[in-house]
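Q: Handing you a structure now.
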Amino acid sequence: MTFEIVFVLLLTVLALILFAMDRLRLDQVSLAIPVVLLLGGILTPREALSGLSNEATVAVAAMLALGLGLRKTGLVAAIGRWAQTAPLGGDNMRVFVLCVIVAVLSPFLNNTAVVMVFLPVFVALADRAGEPPSLYLMPLSFVAILGGTVSLVGTSTNLIVHGMAVERGYGDLSMFSIAPLGIIYLVVGFTYLFTIGRTQLPRRDRPPDLSRKYDMRRFLAELEVSAASPANGRSLGELKWRERYAVSVLGIKRGSQDIPSPRAATKIEEGDILYVQGAADRLLVFARQQTLGTPTDRTSVTSDFSAEGGRLVEVLIAPGSPLQGRTLRNHGFAQRYDATVLAIQQHGVLVHERLADVEFKVGDLLLVHGMSSALERLADEPGFIPMGEVEAPLQKRPRAVVAGGIMVLVVVAAGTGLFNIVTAALAGVALMVFTGCVRIDEVYAELDWLVVFVLAGLLPLGFALDKTGAASLLASGMLEVAGGWGVTGLTAAFYLVAALLTAVISNAAAATLLSPVAILAAIEVGMNPYALLVSVMFGASASFITPFGYQTNIMIYQPGGYRFSDFAKVGGLLNLILLVTAVIFIPILWPS
């Protein structure tokens, strides 16, 4: 075993450990990989930068931009609103029809974007039916994942495997080459989710209101400003109570006047009654040092905090959020949106203290208090999903039909072979920009660049595995373990390894690592390489057994009140059924 092979294998193991630990950002680790390979003399500068120009990276970026155009014109949101109010039958039938709509959209749109639109729709449907969201959200995520397996552009995983295959001379997969297996997957998945799987879904009843859910009543107080208070005549911006005491002023009652969600310029006056939120010990220190007392005519602190016009809403941090990887302090959340974060739910843990210093991740839930107008502005920001009924301002670019037409042209051009996927997608992006469906500055600002840079960093690792012979070594190991079982054994082995890897690391990383190994293993035994490539493709998309293996699962984890074991229970059986499906149909559809 040469130094180069040892170097690449150790780097691969280290990267997998860092991905699984989730201590560092995925793109941060990914972009470090080609740098280390370059410094180690494994790759040349051109090879280390090859991920930026790879067809898979360009295709993923283009498809994300096309999806952004559909969102910006309001087309996807319009479909979601229609689905929420259309006469689709009873509650169970409505869930089924909505899942069908999600399955139809997912092969052509990024499934994360589809779930972002439909997540509040499913939550609202659960509320109207008097059922917990836990019965509705897991089918949403799983169906979106299954729908992404119908076309090569349905998920970045498919495009990665396709791009790596093209680089190695295997470019016969077209837009809908995998559709037969993908449709079989959808049918099998739907059958499971609406029969056996539905009986396995947990029933996690929600508290009657957000105050109880976030245990807020213990952290709210009414305080009256006395004549001796140092706050008299000073603005909230000057006082900086949030920074000094970790206390938020939710509203002010001044005589008969209510001031909900006061701004930084609002001045405090003698006799004001402040509705404040913070930890009990902080509130005691705050009241003592600011000379604030209990009102003589005290009212009960209600769920709207006695501030007329103020509202509470849960907001989910979605991919592309400006808060991702940042804190409320360095983002300036309160100043930007005129809204206050009262509590945070992160990985199922409630956080009430030191909110300004919490670093946010995708899937975190925020309890936000603010005026309806402020919450509407927040709903219009990319990467924030209100779980309540908050209407985002209507877009002033009514080009939904144009955007939909462009997307249809891209799919038809790539599906018929008139142009390859990259050419068709780039042409579609150009049309989206020049027709005003999406502005170029919005592409820069709102595209999910994390996905793009993860691919740009990971793809050189696949090249290094090939170049050094590490992929050949791994292929020999796979053959020793499963080669004796023939085509069936190898198909099952690559599918299973991909599914297990994607349960703990990025599915992009799983696809990047296994694709070159699959090609070499197939060549060595004289098997159809596409059979093993498709096994990797579908196995890496089988993100059902953990909440953290795929972004759509992360997004539904806390709104559904799920536990880790719920995914293992419901998704584990689904993974097993799909493994058997793959072993049966892949050798038939891609015979050796």
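Identifiers in this document derive from the order of the structure tokens: chains are assigned A, B, ..., residues are numbered from 1 separately in each chain, and ligands are numbered from 1 in order of occurrence.
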Just want the 12 Å neighbourhood of A:Gly486, counted on only C-alpha atoms, with same-chain residues fewer than 2 positions away dropped. Output as a ChimeraX atom specification.

A: /A:478-484,488-493,521-522,525-527,583,587,592

Q: Near A:Pro547, within 10 Å and counting only C-alpha atoms, which residues show up once chain neighbours fewer than 4 positions away are dropped, as a ChimeraX atom specification?

A: /A:138,503-504,543,551-558,562-568,571

Q: Name all residues at most 10 Å from stretch 74-89 of chain A (count only C-alpha atoms; drop same-chain ones fewer than 6 positions away) and give them as a compact mmCIF listing (two decimals) with N, CA, C and O atoms, in the first residue's frame.

A:
# COMPACT_ATOMS: atom_id res chain seq x y z
N GLY A 67 -35.30 26.48 -9.42
CA GLY A 67 -36.26 26.36 -8.33
C GLY A 67 -36.48 27.69 -7.63
O GLY A 67 -37.61 28.02 -7.23
N LEU A 68 -35.42 28.50 -7.51
CA LEU A 68 -35.55 29.83 -6.91
C LEU A 68 -36.47 30.70 -7.76
O LEU A 68 -37.29 31.46 -7.23
N VAL A 95 -54.49 14.32 2.87
CA VAL A 95 -53.07 14.01 3.11
C VAL A 95 -52.52 13.19 1.95
O VAL A 95 -51.42 13.46 1.44
N PHE A 96 -53.29 12.20 1.49
CA PHE A 96 -52.84 11.36 0.38
C PHE A 96 -52.64 12.19 -0.89
O PHE A 96 -51.60 12.07 -1.56
N VAL A 97 -53.61 13.05 -1.20
CA VAL A 97 -53.51 13.86 -2.43
C VAL A 97 -52.35 14.84 -2.34
O VAL A 97 -51.61 15.05 -3.31
N LEU A 98 -52.16 15.45 -1.15
CA LEU A 98 -51.04 16.37 -0.98
C LEU A 98 -49.71 15.65 -1.16
O LEU A 98 -48.77 16.19 -1.74
N ILE A 101 -49.08 15.28 -4.79
CA ILE A 101 -48.60 16.54 -5.36
C ILE A 101 -47.11 16.72 -5.06
O ILE A 101 -46.32 17.11 -5.93
N VAL A 102 -46.71 16.44 -3.82
CA VAL A 102 -45.30 16.53 -3.45
C VAL A 102 -44.46 15.58 -4.29
O VAL A 102 -43.38 15.93 -4.78
N LEU A 105 -43.96 17.01 -7.78
CA LEU A 105 -43.05 18.16 -7.85
C LEU A 105 -41.60 17.78 -7.59
O LEU A 105 -40.68 18.36 -8.18
N LEU A 109 -38.08 19.66 -8.88
CA LEU A 109 -37.64 20.72 -7.98
C LEU A 109 -36.81 20.11 -6.87
O LEU A 109 -37.00 18.95 -6.51
N ALA A 113 -36.78 22.40 -1.15
CA ALA A 113 -37.64 23.55 -1.44
C ALA A 113 -39.12 23.15 -1.41
O ALA A 113 -39.97 23.92 -0.94
N VAL A 114 -39.42 21.95 -1.89
CA VAL A 114 -40.82 21.47 -1.88
C VAL A 114 -41.31 21.33 -0.44
O VAL A 114 -42.42 21.75 -0.10
N MET A 116 -40.15 22.89 2.18
CA MET A 116 -40.25 24.22 2.77
C MET A 116 -41.63 24.83 2.52
O MET A 116 -42.21 25.48 3.39
N VAL A 117 -42.17 24.61 1.32
CA VAL A 117 -43.47 25.18 0.97
C VAL A 117 -44.61 24.41 1.63
O VAL A 117 -45.56 25.00 2.15
N PHE A 118 -44.52 23.08 1.64
CA PHE A 118 -45.64 22.27 2.10
C PHE A 118 -45.64 21.99 3.60
O PHE A 118 -46.65 21.55 4.13
N LEU A 119 -44.54 22.25 4.29
CA LEU A 119 -44.49 21.96 5.72
C LEU A 119 -45.58 22.72 6.50
O LEU A 119 -46.34 22.11 7.25
N PRO A 120 -45.68 24.05 6.34
CA PRO A 120 -46.77 24.74 7.05
C PRO A 120 -48.15 24.31 6.60
O PRO A 120 -49.11 24.36 7.38
N VAL A 121 -48.28 23.87 5.34
CA VAL A 121 -49.57 23.37 4.84
C VAL A 121 -49.97 22.12 5.60
O VAL A 121 -51.13 21.97 6.04
N PHE A 122 -49.04 21.20 5.80
CA PHE A 122 -49.33 19.96 6.51
C PHE A 122 -49.59 20.23 8.00
O PHE A 122 -50.43 19.57 8.61
N ALA A 124 -50.90 23.00 9.25
CA ALA A 124 -52.24 23.58 9.31
C ALA A 124 -53.31 22.51 9.13
O ALA A 124 -54.36 22.53 9.79
N LEU A 125 -53.05 21.57 8.23
CA LEU A 125 -53.99 20.47 8.01
C LEU A 125 -54.15 19.63 9.28
O LEU A 125 -55.27 19.25 9.65
N LEU A 394 -47.33 39.65 -1.06
CA LEU A 394 -47.40 39.09 -2.40
C LEU A 394 -46.29 39.63 -3.27
O LEU A 394 -45.96 40.82 -3.22
N GLN A 395 -45.71 38.79 -4.08
CA GLN A 395 -44.67 39.22 -5.00
C GLN A 395 -45.26 40.10 -6.10
O GLN A 395 -46.39 39.91 -6.51
N LYS A 396 -44.49 41.06 -6.54
CA LYS A 396 -44.96 41.98 -7.58
C LYS A 396 -44.41 41.59 -8.95
O LYS A 396 -44.18 42.41 -9.80
N ARG A 397 -44.14 40.29 -9.11
CA ARG A 397 -43.67 39.81 -10.42
C ARG A 397 -44.55 38.65 -10.84
O ARG A 397 -44.18 37.50 -10.66
N PRO A 398 -45.73 38.94 -11.39
CA PRO A 398 -46.67 37.87 -11.73
C PRO A 398 -46.24 37.11 -12.98
O PRO A 398 -46.91 37.16 -14.01
N ARG A 399 -45.11 36.42 -12.90
CA ARG A 399 -44.59 35.67 -14.04
C ARG A 399 -44.57 34.17 -13.74
O ARG A 399 -43.71 33.46 -14.24
N ALA A 400 -45.49 33.74 -12.93
CA ALA A 400 -45.51 32.33 -12.55
C ALA A 400 -45.66 31.43 -13.76
O ALA A 400 -45.01 30.38 -13.86
N VAL A 401 -46.52 31.83 -14.71
CA VAL A 401 -46.74 31.01 -15.91
C VAL A 401 -45.46 30.94 -16.74
O VAL A 401 -45.10 29.89 -17.28
N VAL A 402 -44.75 32.08 -16.84
CA VAL A 402 -43.49 32.11 -17.58
C VAL A 402 -42.47 31.18 -16.94
O VAL A 402 -41.81 30.38 -17.61
N ALA A 403 -42.33 31.28 -15.60
CA ALA A 403 -41.38 30.42 -14.89
C ALA A 403 -41.73 28.95 -15.05
O ALA A 403 -40.85 28.11 -15.28
N GLY A 404 -43.03 28.63 -14.93
CA GLY A 404 -43.46 27.25 -15.13
C GLY A 404 -43.17 26.76 -16.53
O GLY A 404 -42.73 25.61 -16.73
N CYS A 437 -38.04 36.57 -14.03
CA CYS A 437 -38.60 35.65 -13.03
C CYS A 437 -37.76 35.64 -11.76
O CYS A 437 -38.29 35.47 -10.66

Q: Which residues are close to A:Leu210, i.e. within 10 Å by only C-alpha atoms, leaving aside same-chain residues fewer than 3 positions away? Reply as a PyMOL selection string.

A: chain A and resi 206-207+213-216+303+312-314+367

Q: Go ahead and save the picked residues with N, CA, C and O atoms, as a PDB file, in the first residue's frame.

A:
ATOM      1  N   ARG A 206     -49.692  18.090  20.702  1.00  0.00           N
ATOM      2  CA  ARG A 206     -49.111  19.403  20.939  1.00  0.00           C
ATOM      3  C   ARG A 206     -49.795  20.078  22.119  1.00  0.00           C
ATOM      4  O   ARG A 206     -50.985  19.885  22.343  1.00  0.00           O
ATOM      5  N   PRO A 207     -49.044  20.910  22.873  1.00  0.00           N
ATOM      6  CA  PRO A 207     -49.680  21.705  23.933  1.00  0.00           C
ATOM      7  C   PRO A 207     -50.741  22.625  23.337  1.00  0.00           C
ATOM      8  O   PRO A 207     -50.684  22.957  22.145  1.00  0.00           O
ATOM      9  N   LYS A 213     -46.276  25.360  25.336  1.00  0.00           N
ATOM     10  CA  LYS A 213     -45.294  24.519  24.641  1.00  0.00           C
ATOM     11  C   LYS A 213     -43.871  24.950  24.981  1.00  0.00           C
ATOM     12  O   LYS A 213     -42.982  24.114  25.162  1.00  0.00           O
ATOM     13  N   TYR A 214     -43.652  26.257  25.045  1.00  0.00           N
ATOM     14  CA  TYR A 214     -42.310  26.766  25.321  1.00  0.00           C
ATOM     15  C   TYR A 214     -42.116  27.138  26.796  1.00  0.00           C
ATOM     16  O   TYR A 214     -41.099  27.736  27.151  1.00  0.00           O
ATOM     17  N   ASP A 215     -43.118  26.775  27.635  1.00  0.00           N
ATOM     18  CA  ASP A 215     -43.013  26.998  29.080  1.00  0.00           C
ATOM     19  C   ASP A 215     -42.667  28.456  29.382  1.00  0.00           C
ATOM     20  O   ASP A 215     -41.764  28.763  30.174  1.00  0.00           O
ATOM     21  N   MET A 216     -43.397  29.370  28.701  1.00  0.00           N
ATOM     22  CA  MET A 216     -43.041  30.778  28.781  1.00  0.00           C
ATOM     23  C   MET A 216     -43.551  31.471  30.033  1.00  0.00           C
ATOM     24  O   MET A 216     -43.007  32.489  30.452  1.00  0.00           O
ATOM     25  N   SER A 303     -51.361  35.036  26.694  1.00  0.00           N
ATOM     26  CA  SER A 303     -50.490  34.492  25.646  1.00  0.00           C
ATOM     27  C   SER A 303     -50.068  35.534  24.643  1.00  0.00           C
ATOM     28  O   SER A 303     -49.074  35.373  23.957  1.00  0.00           O
ATOM     29  N   LEU A 312     -47.624  35.830  18.699  1.00  0.00           N
ATOM     30  CA  LEU A 312     -46.616  34.784  18.850  1.00  0.00           C
ATOM     31  C   LEU A 312     -46.668  33.875  17.644  1.00  0.00           C
ATOM     32  O   LEU A 312     -47.752  33.516  17.175  1.00  0.00           O
ATOM     33  N   VAL A 313     -45.518  33.469  17.144  1.00  0.00           N
ATOM     34  CA  VAL A 313     -45.491  32.506  16.049  1.00  0.00           C
ATOM     35  C   VAL A 313     -44.201  31.699  16.148  1.00  0.00           C
ATOM     36  O   VAL A 313     -43.167  32.207  16.591  1.00  0.00           O
ATOM     37  N   GLU A 314     -44.306  30.439  15.776  1.00  0.00           N
ATOM     38  CA  GLU A 314     -43.108  29.596  15.657  1.00  0.00           C
ATOM     39  C   GLU A 314     -42.509  29.787  14.276  1.00  0.00           C
ATOM     40  O   GLU A 314     -43.227  29.817  13.280  1.00  0.00           O
ATOM     41  N   LEU A 367     -39.426  30.789  18.904  1.00  0.00           N
ATOM     42  CA  LEU A 367     -40.691  31.394  19.314  1.00  0.00           C
ATOM     43  C   LEU A 367     -40.497  32.899  19.211  1.00  0.00           C
ATOM     44  O   LEU A 367     -39.696  33.490  19.941  1.00  0.00           O
TER      45      LEU A 367
END

Q: For the alpha helix (DSSP H) assignment from backbone DSSP, which residues of stretch 65-258 of chain A qualify? Please present them as a PyMOL selection string.

A: chain A and resi 65-72+75-85+91-105+111-129+137-147+156-167+179-193+196-200+210-213+236-239+241-245

Q: Hey, what's within 8 Å of stretch 134-136 of chain A if we count only C-alpha atoms and toss same-chain stuff fewer than 6 positions away? As a PyMOL selection string, please?

A: chain A and resi 95+122-123+126+198+201-204+559-562

Q: May I have the residues from that selection written out with C-alpha atoms, as an mmCIF file, in the first residue's frame?

A:
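part26.cif written:
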data_model
loop_
_atom_site.group_PDB
_atom_site.id
_atom_site.type_symbol
_atom_site.label_atom_id
_atom_site.label_comp_id
_atom_site.auth_asym_id
_atom_site.auth_seq_id
_atom_site.Cartn_x
_atom_site.Cartn_y
_atom_site.Cartn_z
ATOM 1 C CA VAL A 95 -53.072 14.005 3.106
ATOM 2 C CA PHE A 122 -49.327 19.956 6.515
ATOM 3 C CA VAL A 123 -49.106 21.540 9.994
ATOM 4 C CA ALA A 126 -53.117 18.605 11.209
ATOM 5 C CA ARG A 198 -49.135 4.861 9.203
ATOM 6 C CA LEU A 201 -46.228 6.845 13.248
ATOM 7 C CA PRO A 202 -46.009 8.330 16.760
ATOM 8 C CA ARG A 203 -48.846 10.408 18.217
ATOM 9 C CA ARG A 204 -47.175 13.383 19.901
ATOM 10 C CA PRO A 559 -42.218 20.682 14.262
ATOM 11 C CA GLY A 560 -43.394 17.058 14.408
ATOM 12 C CA GLY A 561 -42.135 16.546 17.957
ATOM 13 C CA TYR A 562 -40.270 13.431 16.805
#

Q: With only C-alpha atoms as the atoms that count, which of A:Asn158, A:Gln257, A:Ser30, A:Ser151 lies nearest to A:Ala542?

A: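 Using only C-alpha atoms, A:Ala542 sits closest to A:Asn158.
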
Q: I need the residues of stretch 80-237 of chain A that end up classed as strand (DSSP E or B) by DSSP on the backbone, written out as a PyMOL selection string.

A: chain A and resi 220-225+235

Q: Given the selection you just returned, output its residues as a file containing N, CA, C and O atoms, formatted as a short mmCIF file (atom, residue, chain, number, x, y, z; two decimals), in the first residue's frame.

A:
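So selection-v1.cif came out as:
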data_model
loop_
_atom_site.label_atom_id
_atom_site.label_comp_id
_atom_site.auth_asym_id
_atom_site.auth_seq_id
_atom_site.Cartn_x
_atom_site.Cartn_y
_atom_site.Cartn_z
N LEU A 220 -42.09 35.30 32.25
CA LEU A 220 -42.73 36.56 31.93
C LEU A 220 -43.06 37.32 33.20
O LEU A 220 -43.40 36.72 34.23
N ALA A 221 -42.98 38.65 33.13
CA ALA A 221 -43.28 39.47 34.30
C ALA A 221 -43.80 40.83 33.86
O ALA A 221 -43.52 41.30 32.75
N GLU A 222 -44.59 41.45 34.75
CA GLU A 222 -45.04 42.83 34.57
C GLU A 222 -44.31 43.69 35.59
O GLU A 222 -44.31 43.39 36.79
N LEU A 223 -43.68 44.76 35.13
CA LEU A 223 -42.92 45.65 36.02
C LEU A 223 -43.30 47.09 35.73
O LEU A 223 -43.44 47.48 34.57
N GLU A 224 -43.46 47.87 36.82
CA GLU A 224 -43.85 49.28 36.66
C GLU A 224 -42.64 50.19 36.88
O GLU A 224 -41.83 49.97 37.79
N VAL A 225 -42.52 51.19 36.01
CA VAL A 225 -41.40 52.12 36.07
C VAL A 225 -41.70 53.18 37.13
O VAL A 225 -42.69 53.91 37.03
N SER A 235 -34.25 55.80 25.94
CA SER A 235 -34.80 54.86 24.95
C SER A 235 -34.28 53.46 25.22
O SER A 235 -33.25 53.27 25.90
#

Q: Considering only C-alpha atoms, return as a list of chain:residue names whatever protein or nucleic-acid residues lie within 12 Å of A:Thr416, sequence-local ones (same chain, fewer than 5 positions apart) excluded.

A: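 Final neighbour list, sorted by chain and number: A:Ser174, A:Met175, A:Phe176, A:Ser177, A:Val408, A:Leu409, A:Val410, A:Val411, A:Ile421, A:Ala424.
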
Q: Can those selected residues be exported to a file as a short mmCIF file (atom, residue, chain, number, x, y, z; two decimals), in the first residue's frame so that it contains N, CA and C atoms?

A:
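The result, stored in again_28.cif:
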data_model
loop_
_atom_site.label_atom_id
_atom_site.label_comp_id
_atom_site.auth_asym_id
_atom_site.auth_seq_id
_atom_site.Cartn_x
_atom_site.Cartn_y
_atom_site.Cartn_z
N SER A 174 -29.83 9.04 -18.90
CA SER A 174 -30.50 10.26 -19.32
C SER A 174 -31.44 10.73 -18.21
N MET A 175 -32.16 11.80 -18.51
CA MET A 175 -33.01 12.45 -17.51
C MET A 175 -33.94 11.46 -16.80
N PHE A 176 -34.56 10.58 -17.56
CA PHE A 176 -35.55 9.68 -16.97
C PHE A 176 -35.14 8.21 -17.07
N SER A 177 -33.84 7.96 -17.19
CA SER A 177 -33.37 6.57 -17.22
C SER A 177 -33.72 5.82 -15.94
N VAL A 408 -40.75 23.62 -17.72
CA VAL A 408 -41.23 22.55 -18.61
C VAL A 408 -40.30 22.39 -19.80
N LEU A 409 -39.85 23.50 -20.38
CA LEU A 409 -38.93 23.45 -21.53
C LEU A 409 -37.61 22.76 -21.14
N VAL A 410 -37.11 23.07 -19.93
CA VAL A 410 -35.86 22.44 -19.47
C VAL A 410 -36.04 20.93 -19.35
N VAL A 411 -37.15 20.52 -18.73
CA VAL A 411 -37.40 19.09 -18.53
C VAL A 411 -37.57 18.38 -19.88
N ILE A 421 -28.34 17.60 -19.65
CA ILE A 421 -28.96 18.23 -18.48
C ILE A 421 -28.33 19.59 -18.18
N ALA A 424 -29.36 22.27 -20.85
CA ALA A 424 -30.77 22.64 -20.71
C ALA A 424 -30.99 23.48 -19.44
#

Q: Got a sec: who's within 10 Å of A:Ala499, counting only C-alpha atoms, leaving out chain neighbours fewer than 3 positions off, as an mmCIF file with N, CA, C and O atoms, in the first residue's frame?

A:
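Everything below was put into result11.cif:
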data_model
loop_
_atom_site.group_PDB
_atom_site.id
_atom_site.type_symbol
_atom_site.label_atom_id
_atom_site.label_comp_id
_atom_site.auth_asym_id
_atom_site.auth_seq_id
_atom_site.Cartn_x
_atom_site.Cartn_y
_atom_site.Cartn_z
ATOM 1 N N ALA A 493 -25.029 -5.074 -1.421
ATOM 2 C CA ALA A 493 -23.923 -4.545 -0.621
ATOM 3 C C ALA A 493 -23.737 -3.048 -0.862
ATOM 4 O O ALA A 493 -23.617 -2.264 0.100
ATOM 5 N N PHE A 494 -23.714 -2.630 -2.120
ATOM 6 C CA PHE A 494 -23.505 -1.208 -2.406
ATOM 7 C C PHE A 494 -24.712 -0.372 -1.958
ATOM 8 O O PHE A 494 -24.542 0.736 -1.452
ATOM 9 N N TYR A 495 -25.903 -0.907 -2.143
ATOM 10 C CA TYR A 495 -27.093 -0.184 -1.681
ATOM 11 C C TYR A 495 -27.052 -0.024 -0.163
ATOM 12 O O TYR A 495 -27.289 1.070 0.371
ATOM 13 N N LEU A 496 -26.740 -1.106 0.536
ATOM 14 C CA LEU A 496 -26.750 -1.095 1.996
ATOM 15 C C LEU A 496 -25.671 -0.166 2.545
ATOM 16 O O LEU A 496 -25.929 0.611 3.483
ATOM 17 N N THR A 502 -25.264 7.307 4.449
ATOM 18 C CA THR A 502 -26.093 8.518 4.381
ATOM 19 C C THR A 502 -26.909 8.724 5.646
ATOM 20 O O THR A 502 -27.454 9.814 5.860
ATOM 21 N N ALA A 503 -26.987 7.699 6.490
ATOM 22 C CA ALA A 503 -27.691 7.857 7.767
ATOM 23 C C ALA A 503 -26.883 8.681 8.759
ATOM 24 O O ALA A 503 -27.445 9.277 9.679
ATOM 25 N N VAL A 504 -25.555 8.734 8.570
ATOM 26 C CA VAL A 504 -24.713 9.432 9.541
ATOM 27 C C VAL A 504 -23.904 10.567 8.935
ATOM 28 O O VAL A 504 -23.388 11.415 9.655
ATOM 29 N N ASN A 507 -25.431 12.723 2.230
ATOM 30 C CA ASN A 507 -25.641 11.790 1.122
ATOM 31 C C ASN A 507 -24.731 12.126 -0.053
ATOM 32 O O ASN A 507 -24.374 11.248 -0.836
ATOM 33 N N ALA A 510 -21.557 10.294 0.686
ATOM 34 C CA ALA A 510 -21.717 8.862 0.441
ATOM 35 C C ALA A 510 -21.638 8.559 -1.050
ATOM 36 O O ALA A 510 -20.966 7.608 -1.475
ATOM 37 N N ALA A 511 -22.310 9.370 -1.856
ATOM 38 C CA ALA A 511 -22.306 9.155 -3.307
ATOM 39 C C ALA A 511 -20.917 9.380 -3.892
ATOM 40 O O ALA A 511 -20.469 8.628 -4.770
ATOM 41 N N SER A 535 -27.500 1.523 -7.710
ATOM 42 C CA SER A 535 -27.581 1.057 -6.316
ATOM 43 C C SER A 535 -27.063 2.135 -5.362
ATOM 44 O O SER A 535 -27.674 2.405 -4.318
ATOM 45 N N VAL A 536 -25.931 2.745 -5.724
ATOM 46 C CA VAL A 536 -25.378 3.830 -4.910
ATOM 47 C C VAL A 536 -26.330 5.025 -4.901
ATOM 48 O O VAL A 536 -26.591 5.632 -3.850
ATOM 49 N N MET A 537 -26.856 5.353 -6.068
ATOM 50 C CA MET A 537 -27.750 6.507 -6.211
ATOM 51 C C MET A 537 -28.977 6.376 -5.307
ATOM 52 O O MET A 537 -29.319 7.287 -4.545
ATOM 53 N N PHE A 538 -29.621 5.221 -5.391
ATOM 54 C CA PHE A 538 -30.845 5.011 -4.612
ATOM 55 C C PHE A 538 -30.544 4.747 -3.138
ATOM 56 O O PHE A 538 -31.298 5.176 -2.262
ATOM 57 N N GLY A 539 -29.444 4.058 -2.855
ATOM 58 C CA GLY A 539 -29.071 3.824 -1.464
ATOM 59 C C GLY A 539 -28.712 5.112 -0.747
ATOM 60 O O GLY A 539 -29.093 5.328 0.405
ATOM 61 N N ALA A 540 -27.999 6.018 -1.443
ATOM 62 C CA ALA A 540 -27.617 7.292 -0.834
ATOM 63 C C ALA A 540 -28.813 8.211 -0.639
ATOM 64 O O ALA A 540 -28.753 9.153 0.156
ATOM 65 N N SER A 541 -29.896 7.950 -1.377
ATOM 66 C CA SER A 541 -31.124 8.742 -1.198
ATOM 67 C C SER A 541 -32.050 8.144 -0.145
ATOM 68 O O SER A 541 -33.057 8.768 0.215
ATOM 69 N N ALA A 542 -31.725 6.953 0.339
ATOM 70 C CA ALA A 542 -32.602 6.263 1.301
ATOM 71 C C ALA A 542 -32.361 6.782 2.714
ATOM 72 O O ALA A 542 -31.930 6.058 3.609
ATOM 73 N N SER A 543 -32.640 8.069 2.907
ATOM 74 C CA SER A 543 -32.358 8.730 4.188
ATOM 75 C C SER A 543 -33.601 8.690 5.067
ATOM 76 O O SER A 543 -34.279 9.703 5.254
ATOM 77 N N PHE A 544 -33.891 7.530 5.617
ATOM 78 C CA PHE A 544 -35.130 7.370 6.371
ATOM 79 C C PHE A 544 -34.925 6.982 7.833
ATOM 80 O O PHE A 544 -35.842 7.135 8.630
ATOM 81 N N ILE A 545 -33.743 6.487 8.194
ATOM 82 C CA ILE A 545 -33.611 5.891 9.527
ATOM 83 C C ILE A 545 -33.072 6.838 10.590
ATOM 84 O O ILE A 545 -33.033 6.483 11.766
ATOM 85 N N GLY A 549 -29.878 12.610 8.553
ATOM 86 C CA GLY A 549 -29.232 12.164 7.330
ATOM 87 C C GLY A 549 -29.619 12.981 6.117
ATOM 88 O O GLY A 549 -28.932 12.939 5.094
ATOM 89 N N ASN A 575 -36.674 1.262 4.797
ATOM 90 C CA ASN A 575 -35.362 1.016 4.188
ATOM 91 C C ASN A 575 -35.199 -0.453 3.813
ATOM 92 O O ASN A 575 -34.662 -0.787 2.740
ATOM 93 N N LEU A 579 -34.698 -1.889 0.106
ATOM 94 C CA LEU A 579 -33.509 -2.689 -0.212
ATOM 95 C C LEU A 579 -33.906 -3.935 -1.000
ATOM 96 O O LEU A 579 -33.286 -4.268 -2.020
#

Q: Enter the distance from atom CA of A:Ser373 to atom CA of A:Leu236, in Å, rounded to one decimal.

A: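 Going from atom CA of A:Ser373 over to atom CA of A:Leu236, I get 20.7 Å.
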
Q: Could you jot down the atom CA of A:Val276 to atom CA of A:Val249 separation for me, Å, one decimal place?

A: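 That distance, rounded to one decimal, is 4.5 Å.
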
Q: Please measure the separation of atom CA of A:Asp281 and atom CA of A:Ile259, giving the value in Å to one decimal.

A: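 Calculated distance between atom CA of A:Asp281 and atom CA of A:Ile259 is 25.8 Å.
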